[in-house]
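Novice: Structure supplied as query-v9.cif; contents: mmCIF, C-alpha atoms.
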```cif
data_entry
loop_
_atom_site.group_PDB
_atom_site.id
_atom_site.type_symbol
_atom_site.label_atom_id
_atom_site.label_comp_id
_atom_site.auth_asym_id
_atom_site.auth_seq_id
_atom_site.Cartn_x
_atom_site.Cartn_y
_atom_site.Cartn_z
ATOM 1 C CA MET A 1 13.811 -121.664 27.597
ATOM 2 C CA ARG A 2 10.319 -121.272 26.207
ATOM 3 C CA ARG A 3 9.142 -119.948 29.533
ATOM 4 C CA GLY A 4 11.882 -117.231 29.547
ATOM 5 C CA LEU A 5 11.125 -115.980 26.012
ATOM 6 C CA PRO A 6 7.843 -114.319 26.830
ATOM 7 C CA ASP A 7 9.456 -112.643 29.821
ATOM 8 C CA LYS A 8 12.237 -111.168 27.660
ATOM 9 C CA LEU A 9 9.772 -110.048 25.022
ATOM 10 C CA SER A 10 7.667 -108.424 27.673
ATOM 11 C CA ALA A 11 10.692 -106.604 29.032
ATOM 12 C CA VAL A 12 11.621 -105.349 25.580
ATOM 13 C CA LEU A 13 8.135 -104.116 24.912
ATOM 14 C CA HIS A 14 8.070 -102.439 28.295
ATOM 15 C CA GLU A 15 11.358 -100.620 27.569
ATOM 16 C CA ARG A 16 10.143 -99.503 24.142
ATOM 17 C CA ARG A 17 6.927 -98.183 25.661
ATOM 18 C CA TRP A 18 8.809 -96.043 28.170
ATOM 19 C CA LEU A 19 11.161 -94.927 25.419
ATOM 20 C CA ALA A 20 8.198 -93.784 23.318
ATOM 21 C CA ILE A 21 6.738 -91.976 26.315
ATOM 22 C CA ALA A 22 10.078 -90.262 26.903
ATOM 23 C CA VAL A 23 10.283 -89.143 23.273
ATOM 24 C CA VAL A 24 6.773 -87.707 23.447
ATOM 25 C CA LEU A 25 7.624 -85.835 26.644
ATOM 26 C CA VAL A 26 10.785 -84.443 25.094
ATOM 27 C CA VAL A 27 8.855 -83.257 22.055
ATOM 28 C CA LEU A 28 6.142 -81.694 24.171
ATOM 29 C CA LEU A 29 8.574 -80.024 26.542
ATOM 30 C CA GLY A 30 10.724 -78.787 23.690
ATOM 31 C CA GLY A 31 7.730 -77.347 21.857
ATOM 32 C CA GLY A 32 6.511 -75.628 24.994
ATOM 33 C CA LEU A 33 9.967 -74.192 25.650
ATOM 34 C CA TRP A 34 10.164 -72.901 22.065
ATOM 35 C CA ILE A 35 6.735 -71.311 22.360
ATOM 36 C CA GLY A 36 7.694 -69.741 25.675
ATOM 37 C CA LEU A 37 10.949 -68.395 24.280
ATOM 38 C CA SER A 38 9.136 -67.039 21.247
ATOM 39 C CA SER A 39 6.486 -65.363 23.367
ATOM 40 C CA GLY A 40 9.075 -63.956 25.705
ATOM 41 C CA GLY A 41 11.041 -62.544 22.802
ATOM 42 C CA GLN A 42 7.987 -60.783 21.420
ATOM 43 C CA GLN A 43 7.187 -59.288 24.802
ATOM 44 C CA ALA A 44 10.757 -57.999 25.155
ATOM 45 C CA ASN A 45 10.460 -55.959 21.971
ATOM 46 C CA PRO A 46 8.433 -52.723 22.501
ATOM 47 C CA GLN A 47 5.351 -52.330 20.363
ATOM 48 C CA PRO A 48 5.751 -49.660 17.648
ATOM 49 C CA GLY A 49 4.167 -46.349 18.672
ATOM 50 C CA PRO A 50 2.379 -43.811 16.487
ATOM 51 C CA PRO A 51 4.519 -42.209 13.793
ATOM 52 C CA PRO A 52 6.215 -38.957 14.839
ATOM 53 C CA VAL A 53 4.289 -35.790 14.123
ATOM 54 C CA ALA A 54 5.817 -33.977 11.178
ATOM 55 C CA ALA A 55 7.045 -30.450 11.804
ATOM 56 C CA PRO A 56 4.920 -27.781 10.124
ATOM 57 C CA PRO A 57 6.362 -26.626 6.809
ATOM 58 C CA PRO A 58 8.257 -23.328 6.887
ATOM 59 C CA PRO A 59 6.369 -20.307 5.574
ATOM 60 C CA ALA A 60 6.602 -19.776 1.853
ATOM 61 C CA PRO A 61 9.426 -17.437 0.890
ATOM 62 C CA THR A 62 8.570 -13.917 -0.143
ATOM 63 C CA GLY A 63 10.474 -11.693 -2.520
ATOM 64 C CA ILE A 64 9.409 -8.576 -0.585
ATOM 65 C CA ASN A 65 11.800 -7.541 2.163
ATOM 66 C CA LEU A 66 9.894 -6.882 5.387
ATOM 67 C CA THR A 67 12.931 -5.414 7.095
ATOM 68 C CA GLY A 68 12.287 -1.811 8.057
ATOM 69 C CA TRP A 69 8.512 -2.192 8.336
ATOM 70 C CA LYS A 70 5.975 -2.863 11.068
ATOM 71 C CA LEU A 71 2.566 -4.430 10.426
ATOM 72 C CA SER A 72 -0.877 -3.264 11.563
ATOM 73 C CA ILE A 73 -3.524 -6.010 11.650
ATOM 74 C CA PRO A 74 -7.280 -5.976 12.426
ATOM 75 C CA GLU A 75 -6.861 -7.919 15.694
ATOM 76 C CA LYS A 76 -7.336 -6.270 19.073
ATOM 77 C CA ASN A 77 -4.372 -5.622 21.320
ATOM 78 C CA ASP A 78 -4.583 -5.254 25.109
ATOM 79 C CA ASP A 79 -5.989 -1.745 24.695
ATOM 80 C CA GLY A 80 -8.712 -2.853 22.284
ATOM 81 C CA ASN A 81 -7.068 -1.167 19.294
ATOM 82 C CA ALA A 82 -5.542 -2.781 16.216
ATOM 83 C CA ALA A 83 -2.465 -4.828 17.053
ATOM 84 C CA THR A 84 0.943 -4.248 15.492
ATOM 85 C CA ILE A 85 3.774 -6.655 14.725
ATOM 86 C CA GLN A 86 7.275 -5.186 14.830
ATOM 87 C CA PRO A 87 9.361 -6.125 12.999
ATOM 88 C CA ALA A 88 6.782 -7.012 10.366
ATOM 89 C CA ALA A 89 6.201 -10.716 9.718
ATOM 90 C CA LEU A 90 3.710 -12.975 7.978
ATOM 91 C CA LYS A 91 0.523 -13.353 10.015
ATOM 92 C CA ALA A 92 -2.282 -15.540 8.637
ATOM 93 C CA PRO A 93 -4.915 -14.794 7.563
ATOM 94 C CA TRP A 94 -4.057 -11.083 7.348
ATOM 95 C CA LEU A 95 -0.665 -11.241 5.638
ATOM 96 C CA THR A 96 0.388 -14.366 3.778
ATOM 97 C CA ALA A 97 2.931 -15.290 1.107
ATOM 98 C CA THR A 98 1.825 -16.098 -2.424
ATOM 99 C CA PRO A 99 3.410 -18.815 -4.620
ATOM 100 C CA ASP A 100 5.065 -16.171 -6.826
ATOM 101 C CA GLY A 101 6.897 -14.605 -3.878
ATOM 102 C CA GLY A 102 4.433 -11.795 -3.266
ATOM 103 C CA LEU A 103 2.353 -10.825 -0.247
ATOM 104 C CA MET A 104 -1.433 -11.098 0.077
ATOM 105 C CA PHE A 105 -3.086 -8.535 2.354
ATOM 106 C CA TRP A 106 -6.588 -9.231 3.689
ATOM 107 C CA ALA A 107 -8.502 -6.547 5.598
ATOM 108 C CA PRO A 108 -12.113 -7.374 6.542
ATOM 109 C CA SER A 109 -14.628 -4.576 6.836
ATOM 110 C CA GLN A 110 -15.301 -5.720 10.403
ATOM 111 C CA GLY A 111 -12.383 -5.868 12.814
ATOM 112 C CA ALA A 112 -10.143 -3.914 15.146
ATOM 113 C CA THR A 113 -9.067 -0.442 14.034
ATOM 114 C CA THR A 114 -6.226 1.881 14.920
ATOM 115 C CA LYS A 115 -6.937 4.544 17.548
ATOM 116 C CA ASN A 116 -7.720 7.308 15.073
ATOM 117 C CA SER A 117 -9.528 5.362 12.340
ATOM 118 C CA ASP A 118 -12.922 3.735 11.856
ATOM 119 C CA HIS A 119 -11.687 1.350 9.152
ATOM 120 C CA PRO A 120 -9.849 -1.955 9.748
ATOM 121 C CA ARG A 121 -6.630 -2.414 7.820
ATOM 122 C CA THR A 122 -3.758 -4.795 7.166
ATOM 123 C CA GLU A 123 -0.960 -2.410 6.360
ATOM 124 C CA LEU A 124 2.801 -2.089 6.478
ATOM 125 C CA ASN A 125 4.155 1.075 8.107
ATOM 126 C CA SER A 126 7.691 2.138 7.246
ATOM 127 C CA LEU A 127 10.063 2.605 10.167
ATOM 128 C CA THR A 128 12.010 5.175 8.123
ATOM 129 C CA ASN A 129 10.665 8.688 8.603
ATOM 130 C CA PHE A 130 11.557 11.679 6.428
ATOM 131 C CA ALA A 131 10.774 15.375 6.223
ATOM 132 C CA ALA A 132 8.204 16.241 3.568
ATOM 133 C CA GLY A 133 9.831 18.216 0.763
ATOM 134 C CA LYS A 134 13.378 17.530 1.989
ATOM 135 C CA GLY A 135 15.079 15.002 -0.273
ATOM 136 C CA ARG A 136 13.734 12.513 -2.795
ATOM 137 C CA HIS A 137 11.726 9.579 -1.422
ATOM 138 C CA THR A 138 9.794 7.017 -3.498
ATOM 139 C CA LEU A 139 7.411 4.160 -2.790
ATOM 140 C CA ASN A 140 7.345 1.578 -5.629
ATOM 141 C CA ALA A 141 4.745 -1.170 -5.856
ATOM 142 C CA SER A 142 3.221 -3.714 -8.207
ATOM 143 C CA VAL A 143 -0.208 -4.956 -7.153
ATOM 144 C CA THR A 144 -3.284 -6.947 -8.135
ATOM 145 C CA LEU A 145 -6.602 -6.122 -6.508
ATOM 146 C CA LEU A 146 -8.690 -9.212 -5.819
ATOM 147 C CA GLN A 147 -11.557 -7.847 -3.715
ATOM 148 C CA VAL A 148 -12.986 -4.512 -2.580
ATOM 149 C CA PRO A 149 -15.732 -3.700 -0.045
ATOM 150 C CA LYS A 150 -19.260 -4.148 -1.343
ATOM 151 C CA ASP A 151 -20.392 -0.635 -0.417
ATOM 152 C CA GLY A 152 -18.116 0.902 -3.067
ATOM 153 C CA ARG A 153 -15.878 2.845 -0.701
ATOM 154 C CA GLY A 154 -12.742 1.167 -2.015
ATOM 155 C CA VAL A 155 -9.253 0.483 -0.667
ATOM 156 C CA ILE A 156 -6.246 2.693 0.043
ATOM 157 C CA LEU A 157 -3.145 0.923 -1.296
ATOM 158 C CA GLY A 158 -0.332 3.350 -0.481
ATOM 159 C CA GLN A 159 0.203 6.441 1.651
ATOM 160 C CA ILE A 160 2.543 9.139 2.774
ATOM 161 C CA HIS A 161 1.307 9.359 6.332
ATOM 162 C CA GLY A 162 2.114 11.736 9.154
ATOM 163 C CA ALA A 163 4.609 10.527 11.763
ATOM 164 C CA ASP A 164 5.859 11.684 15.176
ATOM 165 C CA ASP A 165 3.891 14.838 16.119
ATOM 166 C CA ILE A 166 1.315 14.309 13.350
ATOM 167 C CA SER A 167 1.198 10.507 13.487
ATOM 168 C CA SER A 168 -2.606 10.544 13.478
ATOM 169 C CA VAL A 169 -2.847 12.579 10.254
ATOM 170 C CA PRO A 170 -3.186 10.897 6.833
ATOM 171 C CA TYR A 171 -1.479 12.996 4.188
ATOM 172 C CA VAL A 172 -1.234 11.399 0.707
ATOM 173 C CA MET A 173 -3.492 8.414 -0.107
ATOM 174 C CA LEU A 174 -3.485 6.350 -3.302
ATOM 175 C CA ARG A 175 -7.051 5.040 -3.429
ATOM 176 C CA TYR A 176 -8.872 2.519 -5.601
ATOM 177 C CA GLN A 177 -12.608 3.172 -5.715
ATOM 178 C CA GLU A 178 -15.280 1.988 -8.151
ATOM 179 C CA GLY A 179 -12.696 0.895 -10.710
ATOM 180 C CA GLN A 180 -10.729 4.155 -10.633
ATOM 181 C CA LEU A 181 -7.296 4.875 -9.206
ATOM 182 C CA LYS A 182 -6.708 8.331 -7.750
ATOM 183 C CA VAL A 183 -4.462 10.136 -5.287
ATOM 184 C CA VAL A 184 -6.008 12.110 -2.432
ATOM 185 C CA VAL A 185 -3.782 14.870 -1.009
ATOM 186 C CA LYS A 186 -4.939 16.526 2.196
ATOM 187 C CA GLN A 187 -4.357 20.265 2.298
ATOM 188 C CA VAL A 188 -4.685 20.729 6.068
ATOM 189 C CA GLN A 189 -3.675 18.753 9.132
ATOM 190 C CA ASP A 190 -6.986 19.356 10.902
ATOM 191 C CA GLY A 191 -10.028 19.013 8.672
ATOM 192 C CA ASN A 192 -11.038 17.302 5.461
ATOM 193 C CA ASP A 193 -9.889 19.819 2.850
ATOM 194 C CA HIS A 194 -8.260 17.781 0.080
ATOM 195 C CA ILE A 195 -7.573 17.556 -3.674
ATOM 196 C CA ASN A 196 -8.142 14.443 -5.824
ATOM 197 C CA TYR A 197 -5.666 13.667 -8.617
ATOM 198 C CA ALA A 198 -6.940 11.113 -11.151
ATOM 199 C CA LEU A 199 -4.520 8.417 -12.317
ATOM 200 C CA LEU A 200 -6.321 5.501 -14.006
ATOM 201 C CA PRO A 201 -9.996 5.683 -15.050
ATOM 202 C CA ASN A 202 -10.671 1.969 -15.472
ATOM 203 C CA VAL A 203 -8.824 -0.712 -13.516
ATOM 204 C CA PRO A 204 -10.609 -4.094 -13.408
ATOM 205 C CA LEU A 205 -10.125 -6.450 -10.506
ATOM 206 C CA ASN A 206 -7.530 -9.185 -11.066
ATOM 207 C CA SER A 207 -5.533 -6.872 -13.376
ATOM 208 C CA PRO A 208 -1.961 -6.190 -12.191
ATOM 209 C CA PHE A 209 -0.681 -2.618 -12.274
ATOM 210 C CA ASP A 210 2.257 -0.646 -10.919
ATOM 211 C CA PHE A 211 2.284 2.594 -8.972
ATOM 212 C CA THR A 212 4.781 5.029 -7.487
ATOM 213 C CA ILE A 213 4.409 7.792 -4.918
ATOM 214 C CA THR A 214 7.366 10.208 -4.909
ATOM 215 C CA ASP A 215 8.292 13.206 -2.801
ATOM 216 C CA LEU A 216 10.623 14.955 -5.258
ATOM 217 C CA GLY A 217 12.367 16.942 -2.546
ATOM 218 C CA ASN A 218 11.746 20.259 -4.309
ATOM 219 C CA GLY A 219 8.326 21.124 -2.934
ATOM 220 C CA SER A 220 6.450 18.872 -5.341
ATOM 221 C CA MET A 221 5.265 15.267 -5.511
ATOM 222 C CA ALA A 222 4.863 12.905 -8.465
ATOM 223 C CA PHE A 223 2.424 10.007 -8.758
ATOM 224 C CA SER A 224 2.440 7.421 -11.526
ATOM 225 C CA ALA A 225 0.538 4.283 -12.479
ATOM 226 C CA THR A 226 1.162 1.724 -15.207
ATOM 227 C CA LEU A 227 -1.553 -0.564 -16.569
ATOM 228 C CA ASN A 228 -1.065 -2.783 -19.629
ATOM 229 C CA GLY A 229 2.106 -0.890 -20.522
ATOM 230 C CA ALA A 230 0.447 2.552 -20.502
ATOM 231 C CA VAL A 231 1.903 5.035 -17.988
ATOM 232 C CA THR A 232 0.016 7.919 -16.411
ATOM 233 C CA GLN A 233 1.795 10.499 -14.257
ATOM 234 C CA VAL A 234 0.630 13.603 -12.390
ATOM 235 C CA THR A 235 2.393 16.091 -10.128
ATOM 236 C CA ALA A 236 1.134 18.051 -7.132
ATOM 237 C CA PRO A 237 2.585 20.667 -4.784
ATOM 238 C CA ILE A 238 3.257 19.796 -1.170
ATOM 239 C CA PRO A 239 0.674 21.704 0.903
ATOM 240 C CA ALA A 240 2.161 24.383 3.129
ATOM 241 C CA GLU A 241 0.895 22.705 6.327
ATOM 242 C CA PHE A 242 2.879 19.565 5.541
ATOM 243 C CA THR A 243 6.130 21.058 4.224
ATOM 244 C CA GLY A 244 8.979 19.994 6.494
ATOM 245 C CA GLN A 245 6.713 17.773 8.638
ATOM 246 C CA THR A 246 7.859 14.263 9.602
ATOM 247 C CA VAL A 247 6.114 11.621 7.490
ATOM 248 C CA ARG A 248 6.485 7.996 6.417
ATOM 249 C CA PHE A 249 5.299 5.551 3.761
ATOM 250 C CA GLN A 250 2.547 2.987 4.356
ATOM 251 C CA ALA A 251 1.276 0.254 2.011
ATOM 252 C CA GLY A 252 -1.261 -2.569 2.094
ATOM 253 C CA ALA A 253 -5.029 -3.056 2.247
ATOM 254 C CA TYR A 254 -6.615 -0.157 4.115
ATOM 255 C CA GLN A 255 -10.245 -0.835 3.224
ATOM 256 C CA GLN A 256 -12.717 2.035 3.550
ATOM 257 C CA ALA A 257 -16.120 0.372 4.002
ATOM 258 C CA ASP A 258 -18.640 2.468 5.912
ATOM 259 C CA ASP A 259 -21.340 -0.211 5.673
ATOM 260 C CA PRO A 260 -19.756 -3.624 6.435
ATOM 261 C CA ALA A 261 -21.443 -6.526 4.638
ATOM 262 C CA GLY A 262 -20.418 -9.499 6.764
ATOM 263 C CA ALA A 263 -17.307 -11.408 7.725
ATOM 264 C CA GLN A 264 -16.197 -12.003 4.129
ATOM 265 C CA ASP A 265 -16.531 -8.363 3.086
ATOM 266 C CA GLY A 266 -13.391 -6.256 2.826
ATOM 267 C CA GLY A 267 -10.294 -5.574 0.775
ATOM 268 C CA ARG A 268 -7.870 -8.170 -0.549
ATOM 269 C CA VAL A 269 -4.787 -7.296 -2.596
ATOM 270 C CA ILE A 270 -1.560 -8.963 -3.677
ATOM 271 C CA PHE A 271 1.654 -6.929 -3.668
ATOM 272 C CA HIS A 272 4.044 -8.512 -6.150
ATOM 273 C CA LYS A 273 6.690 -5.852 -5.464
ATOM 274 C CA LEU A 274 7.116 -3.281 -2.711
ATOM 275 C CA ASP A 275 10.093 -1.129 -1.808
ATOM 276 C CA GLU A 276 10.993 2.390 -0.778
ATOM 277 C CA GLN A 277 13.958 4.414 -1.979
ATOM 278 C CA SER A 278 15.526 7.558 -0.571
ATOM 279 C CA ALA A 279 18.100 9.999 -1.935
ATOM 280 C CA GLY A 280 19.077 12.843 0.370
ATOM 281 C CA SER A 281 17.220 14.257 3.310
#
```
Please render this file's structure as structure tokens.
Specialist:
Amino acid sequence: MRRGLPDKLSAVLHERRWLAIAVVLVVLLGGGLWIGLSSGGQQANPQPGPPPVAAPPPPAPTGINLTGWKLSIPEKNDDGNAATIQPAALKAPWLTATPDGGLMFWAPSQGATTKNSDHPRTELNSLTNFAAGKGRHTLNASVTLLQVPKDGRGVILGQIHGADDISSVPYVMLRYQEGQLKVVVKQVQDGNDHINYALLPNVPLNSPFDFTITDLGNGSMAFSATLNGAVTQVTAPIPAEFTGQTVRFQAGAYQQADDPAGAQDGGRVIFHKLDEQSAGS
């Protein structure tokens, strides 16, 4: 009996040792399997990519209706002349919307010009023509001048311009120059004969004012300007060479620099309001 006891004890210890080894193997194998499953699960999920690129914000709304206008800008077209956008649309940096719903026109003194001009412009051209002296037609605007060319030649803000057969001929030009607002009326289609009509003698930059250009339809025109509540109005006859001719309205920043002073020189103006009205033809 005593001899068998050590043998039994040895057998028990031997079984317990293998049992302990088995438990360790199970733990190790289970841990490895868990790690493998965890790693496999992470590899199955795609890594997050870069955030999607946000769409550019829509252009700011403008309270000025661009329907019925085309836009001339100081960029070259295929012919090397100033490009046009028809129908008119915002085009940075030349024509941009302002927070108050207006339009900012920027015309540098260096840039592409139209075929018959030496001066770059950012200008809206009406697509509605009319016969000078035939029916009442009015251009209404409210503007603030921010910048003018350094050489003192000023900016033309509004026009009655020749169209169709006389499309190269400027006719009536509302011009800001050296702090003064005047209207230039050409008397001939070929040549420089003109008459200046004074409107406002002292208009500082950054001071809003209103203006109107009206063909009264009776052989005369009326021009008005309002600054700080004071209204000035003058009338002028339609020159014989333009009576009955096809014309149109134009408005914007048609800067007149003859001596450009660098890339930042030019005319900059905000139009807070711009519209044209017609009654009869």
Novice: For this file, the PyMOL selection byres ((chain A and resi 121) around 10) selects which residues, as a PyMOL selection string?
Specialist: chain A and resi 71-75+82+94+105-114+117-120+122-124+155-156+252-256+266-267
Novice: Evaluate the PyMOL selection byres ((chain A and resi 199) around 8) on the structure here and hand back the selected residues as number ranges by chain.
Specialist: A: 180-183, 197-198, 200-201, 223-225, 232-234
Novice: I want to know what sits within 9 Å of A:Ile64, based on all atoms listed in the file, with residues of the same chain fewer than 5 positions away left out; could you give that as a compact mmCIF listing (two decimals) with C-alpha atoms, in the coordinates of the input?
Specialist:
```
# COMPACT_ATOMS: atom_id res chain seq x y z
CA GLY A 101 6.90 -14.60 -3.88
CA GLY A 102 4.43 -11.80 -3.27
CA LEU A 103 2.35 -10.82 -0.25
CA PHE A 271 1.65 -6.93 -3.67
CA HIS A 272 4.04 -8.51 -6.15
CA LYS A 273 6.69 -5.85 -5.46
CA LEU A 274 7.12 -3.28 -2.71
CA ASP A 275 10.09 -1.13 -1.81
```
Novice: Go ahead and compute the interatomic distance for atom CA of A:Gly152 and atom CA of A:Asp258, in Å to one decimal.
Specialist: 9.1 Å
Novice: Go ahead and compute the interatomic distance for atom CA of A:Gly162 and atom CA of A:Asp215, in Å to one decimal.
Specialist: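 Going from atom CA of A:Gly162 over to atom CA of A:Asp215 covers 13.5 Å.
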Novice: In Å, with one decimal, what is the gap from atom CA of A:Phe130 to atom CA of A:Asp165?
Specialist: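 Value for the atom CA of A:Phe130-atom CA of A:Asp165 distance: 12.8 Å.
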Novice: Calculated over all atoms listed in the file, which of the candidates A:Ala141, A:Ala251, A:Val231, A:Val269 has the smallest distance to A:Ile160?
Specialist: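 Of all the options, A:Ala251 lies closest to A:Ile160.
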Novice: Using all atoms listed in the file for the distances, tell me which of A:Asp265, A:Leu157, A:Ser220, A:His194 is nearest to A:Tyr176.
Specialist: A:Leu157
Novice: Report as a PDB file with C-alpha atoms, in the frame of the given file all protein, DNA and RNA residues lying within 9 Å of A:Val185, evaluated on all atoms listed in the file, omitting residues in the same chain fewer than 3 positions from it.
Specialist:
```pdb
ATOM      1  CA  PRO A 170      -3.186  10.897   6.833  1.00  0.00           C
ATOM      2  CA  TYR A 171      -1.479  12.996   4.188  1.00  0.00           C
ATOM      3  CA  VAL A 172      -1.234  11.399   0.707  1.00  0.00           C
ATOM      4  CA  MET A 173      -3.492   8.414  -0.107  1.00  0.00           C
ATOM      5  CA  LEU A 174      -3.485   6.350  -3.302  1.00  0.00           C
ATOM      6  CA  ASP A 193      -9.889  19.819   2.850  1.00  0.00           C
ATOM      7  CA  HIS A 194      -8.260  17.781   0.080  1.00  0.00           C
ATOM      8  CA  ILE A 195      -7.573  17.556  -3.674  1.00  0.00           C
ATOM      9  CA  ASN A 196      -8.142  14.443  -5.824  1.00  0.00           C
ATOM     10  CA  TYR A 197      -5.666  13.667  -8.617  1.00  0.00           C
ATOM     11  CA  ALA A 236       1.134  18.051  -7.132  1.00  0.00           C
ATOM     12  CA  ILE A 238       3.257  19.796  -1.170  1.00  0.00           C
ATOM     13  CA  PRO A 239       0.674  21.704   0.903  1.00  0.00           C
TER      14      PRO A 239
END
```
Novice: Compare A:Ala132, A:Ile85, A:Val203, A:Ala97 by their minimum atom-to-atom distance to A:His161, counting all atoms listed in the file, and give me the closest one.
Specialist: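 For A:His161, the nearest of the given residues is A:Ala132.
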Novice: For A:Arg153, which of A:Pro93, A:Pro260, A:Gly244, A:Gly133 is the closest residue, counting all atoms listed in the file?
Specialist: A:Pro260
Novice: Using the chain letters and numbers from this file, what does the PyMOL selection byres ((chain A and resi 143) around 6) select? Give the answer as a ChimeraX atom specification.
Specialist: /A:142,144,208-209,270-272
Novice: Put those residues in a file: C-alpha atoms, as a CSV table (one decimal), in the frame of the given file.
Specialist:
```csv
chain,number,residue,atom,x,y,z
A,142,SER,CA,3.2,-3.7,-8.2
A,144,THR,CA,-3.3,-6.9,-8.1
A,208,PRO,CA,-2.0,-6.2,-12.2
A,209,PHE,CA,-0.7,-2.6,-12.3
A,270,ILE,CA,-1.6,-9.0,-3.7
A,271,PHE,CA,1.7,-6.9,-3.7
A,272,HIS,CA,4.0,-8.5,-6.2
```
Novice: Which residue, A:Ala89, A:Arg268, A:Thr214, A:Pro237, has the smallest gap to A:Leu146 when you use all atoms listed in the file?
Specialist: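 Looking only at the distances to A:Leu146, the closest residue turns out to be A:Arg268.
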Novice: Nearest residue to A:Gln187 out of A:Asp164, A:Ala88, A:Glu241, A:Ser207, using only C-alpha atoms?
Specialist: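 Smallest distance to A:Gln187 is found for A:Glu241.
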